[in-house]
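For reference, the structure discussed in these notes is given below.
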Amino acid sequence: MTLHSSTRVRLLAATATALLAAGAPTAYALFDGPQHDPQHDSKPRTALRGEPYIESRLFFGTERPDGGPAVTDRQFMAFIDKEVTPDFPDGLTVQNGRGQWRDAHGAIERERSYELILLYPVARAGASDRKIEEIRTAFEKEFAQESVARVDDRTRVDF
């Protein structure tokens with residue numbers, strides 16, 4: 001008996017999904033503290049380092065949709081000093097980049113960009129979320145940008 005190609009693809013996809021789902025609890029368990037496998041270990045494994053934090057990454061484009069001059073390094077760092085540092089004085093990282101995205105008119109835009117990385121304890125996530133949204137709005141307004149991309153991930157941090 002021969003399976004049709006689409007049926008075979010569906011079967012393979014369902015099998016892969018089931019295997020991934022079975023492994024996911026194990027992967028996430030690593031974030032929950034010391035692990036112990038009584039069949040193979042005589043004592044618990046070492047706990048993961050660090051405390052639970054959120055890592056937020058913001059992506060700032062430099063080209064202006066209205067055709068104005070691109071945001072300069074000096075302008076961007078002045079923005080960081082004024083809008084970011086007061087709310088995140090414990091530290092941050094800025095990286096230079098090159099990016100592309102599809103604008104509101106459907107055109108692919110390529111531009112110099114900045115990535116801002118912020119780390120903060122999970123316990124301060126609510127207050128930090130408001131501050132980050134204010135930063136995004138301020139940049140969009142000050143530099144005539146359509147958007148500032150944001151990515152949030154849970155992580156563990158040890159200083």
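Going by the structure tokens order, chains are called A, B, ..., each with residues numbered from 1, while ligands are numbered from 1 in the order shown.
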
What are the closest atom pairs, with distances in Å to one decimal, for all residues of stretch 127-147 of chain A lying within 12 Å of stretch 98-103 of chain A? Consider only C-alpha atoms, order rows by chain and residue number, and present the result as a Markdown table.
```
| residue | atom | partner | partner_atom | distance |
| --- | --- | --- | --- | --- |
| A:Gln145 | CA | A:Asp103 | CA | 10.2 |
| A:Glu146 | CA | A:Asp103 | CA | 7.8 |
| A:Ser147 | CA | A:Asp103 | CA | 9.3 |
```

Let's have the selection written as a CSV table (one decimal), in the first residue's frame, with N, CA and C atoms.
```csv
chain,number,residue,atom,x,y,z
A,145,GLN,N,9.9,57.3,13.0
A,145,GLN,CA,10.0,55.9,12.7
A,145,GLN,C,8.7,55.2,12.7
A,146,GLU,N,8.4,54.2,11.8
A,146,GLU,CA,7.2,53.5,11.8
A,146,GLU,C,7.1,52.6,13.0
A,147,SER,N,8.2,52.0,13.5
A,147,SER,CA,8.2,51.1,14.6
A,147,SER,C,9.6,50.9,15.2
```

Open item on the list: Based on the backbone DSSP call, show me all residues of stretch 43-123 of chain A assigned strand (DSSP E or B), as an MDAnalysis selection string.
Closed with: chainID A and resid 51:61 93:102 108:121

Okay, now the selection with N, CA and C atoms, as a compact mmCIF listing (two decimals), in the first residue's frame?
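What follows is the written file part_25.txt:
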```
# COMPACT_ATOMS: atom_id res chain seq x y z
N GLU A 51 19.96 34.13 38.42
CA GLU A 51 18.59 34.40 38.85
C GLU A 51 17.69 34.55 37.63
N PRO A 52 16.38 34.34 37.78
CA PRO A 52 15.47 34.52 36.64
C PRO A 52 15.38 35.99 36.25
N TYR A 53 15.64 36.25 35.00
CA TYR A 53 15.61 37.60 34.42
C TYR A 53 14.82 37.58 33.13
N ILE A 54 14.51 38.77 32.67
CA ILE A 54 13.96 38.97 31.32
C ILE A 54 15.03 39.69 30.51
N GLU A 55 15.23 39.24 29.29
CA GLU A 55 16.11 39.93 28.35
C GLU A 55 15.20 40.55 27.29
N SER A 56 15.24 41.87 27.20
CA SER A 56 14.48 42.57 26.16
C SER A 56 15.47 43.15 25.17
N ARG A 57 15.21 42.89 23.90
CA ARG A 57 16.05 43.44 22.84
C ARG A 57 15.17 44.34 21.98
N LEU A 58 15.65 45.55 21.76
CA LEU A 58 14.95 46.50 20.90
C LEU A 58 15.80 46.77 19.68
N PHE A 59 15.15 46.88 18.52
CA PHE A 59 15.84 47.10 17.25
C PHE A 59 15.39 48.45 16.69
N PHE A 60 16.35 49.37 16.57
CA PHE A 60 16.08 50.73 16.13
C PHE A 60 16.67 50.93 14.74
N GLY A 61 15.82 51.30 13.78
CA GLY A 61 16.30 51.65 12.45
C GLY A 61 16.80 53.08 12.45
N THR A 93 23.34 47.23 26.92
CA THR A 93 24.29 47.00 25.83
C THR A 93 23.68 47.54 24.54
N VAL A 94 24.50 48.24 23.76
CA VAL A 94 24.09 48.72 22.44
C VAL A 94 25.04 48.09 21.42
N GLN A 95 24.46 47.49 20.38
CA GLN A 95 25.25 46.91 19.30
C GLN A 95 24.83 47.54 17.98
N ASN A 96 25.80 47.73 17.11
CA ASN A 96 25.53 48.21 15.76
C ASN A 96 25.09 47.04 14.89
N GLY A 97 24.24 47.32 13.94
CA GLY A 97 23.78 46.25 13.06
C GLY A 97 23.40 46.77 11.68
N ARG A 98 23.01 45.84 10.85
CA ARG A 98 22.44 46.11 9.53
C ARG A 98 21.17 45.28 9.49
N GLY A 99 20.08 45.90 9.11
CA GLY A 99 18.84 45.15 9.10
C GLY A 99 18.00 45.43 7.88
N GLN A 100 16.94 44.69 7.77
CA GLN A 100 15.96 44.94 6.72
C GLN A 100 14.59 44.55 7.23
N TRP A 101 13.58 45.20 6.69
CA TRP A 101 12.21 44.93 7.08
C TRP A 101 11.29 45.45 5.99
N ARG A 102 10.04 45.03 6.00
CA ARG A 102 9.07 45.49 5.02
C ARG A 102 8.30 46.65 5.65
N ILE A 108 10.81 46.68 0.76
CA ILE A 108 11.87 46.16 1.61
C ILE A 108 12.87 47.29 1.85
N GLU A 109 13.06 47.61 3.12
CA GLU A 109 13.99 48.67 3.52
C GLU A 109 15.21 48.03 4.16
N ARG A 110 16.40 48.46 3.71
CA ARG A 110 17.66 48.01 4.31
C ARG A 110 18.31 49.24 4.94
N GLU A 111 18.79 49.06 6.18
CA GLU A 111 19.33 50.22 6.87
C GLU A 111 20.30 49.83 7.97
N ARG A 112 21.10 50.78 8.34
CA ARG A 112 21.94 50.66 9.52
C ARG A 112 21.00 50.68 10.72
N SER A 113 21.34 49.91 11.75
CA SER A 113 20.44 49.83 12.90
C SER A 113 21.23 49.68 14.19
N TYR A 114 20.49 49.73 15.29
CA TYR A 114 21.06 49.51 16.61
C TYR A 114 20.21 48.47 17.32
N GLU A 115 20.87 47.63 18.09
CA GLU A 115 20.18 46.68 18.96
C GLU A 115 20.50 47.07 20.40
N LEU A 116 19.46 47.30 21.18
CA LEU A 116 19.59 47.63 22.59
C LEU A 116 19.19 46.40 23.39
N ILE A 117 20.06 45.96 24.30
CA ILE A 117 19.78 44.79 25.13
C ILE A 117 19.65 45.24 26.58
N LEU A 118 18.51 44.90 27.17
CA LEU A 118 18.23 45.23 28.56
C LEU A 118 17.96 43.94 29.33
N LEU A 119 18.54 43.82 30.51
CA LEU A 119 18.31 42.69 31.40
C LEU A 119 17.73 43.22 32.69
N TYR A 120 16.65 42.58 33.18
CA TYR A 120 16.04 43.01 34.43
C TYR A 120 15.37 41.81 35.10
N PRO A 121 15.33 41.82 36.44
CA PRO A 121 14.74 40.70 37.16
C PRO A 121 13.27 40.50 36.79
```

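Around stretch 71-76 of chain A, within 8 Å and counting only C-alpha atoms, the residues found are Thr62, Glu63, Arg64, Phe79, Ile80 and Phe143 of chain A, once anything fewer than 3 positions away on its own chain is removed.
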
Can I get the selection written as a short mmCIF file (atom, residue, chain, number, x, y, z; two decimals), in the first residue's frame, with N, CA and C atoms?
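Full text of again30.cif as output:
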```
data_model
loop_
_atom_site.label_atom_id
_atom_site.label_comp_id
_atom_site.auth_asym_id
_atom_site.auth_seq_id
_atom_site.Cartn_x
_atom_site.Cartn_y
_atom_site.Cartn_z
N THR A 62 17.59 53.41 11.44
CA THR A 62 18.16 54.76 11.37
C THR A 62 17.67 55.58 10.18
N GLU A 63 17.10 54.91 9.18
CA GLU A 63 16.60 55.64 8.02
C GLU A 63 15.22 56.21 8.33
N ARG A 64 14.96 57.40 7.88
CA ARG A 64 13.66 58.02 8.15
C ARG A 64 12.73 57.83 6.96
N PHE A 79 19.96 59.93 22.67
CA PHE A 79 18.65 59.35 22.98
C PHE A 79 18.78 58.32 24.11
N ILE A 80 19.79 57.46 24.03
CA ILE A 80 20.02 56.45 25.08
C ILE A 80 20.23 57.14 26.43
N PHE A 143 12.29 60.39 15.93
CA PHE A 143 13.01 60.15 14.69
C PHE A 143 12.10 59.71 13.54
#
```

Correct to one decimal, the distance atom CA of A:Arg49-atom CA of A:Asp158 is 6.4 Å
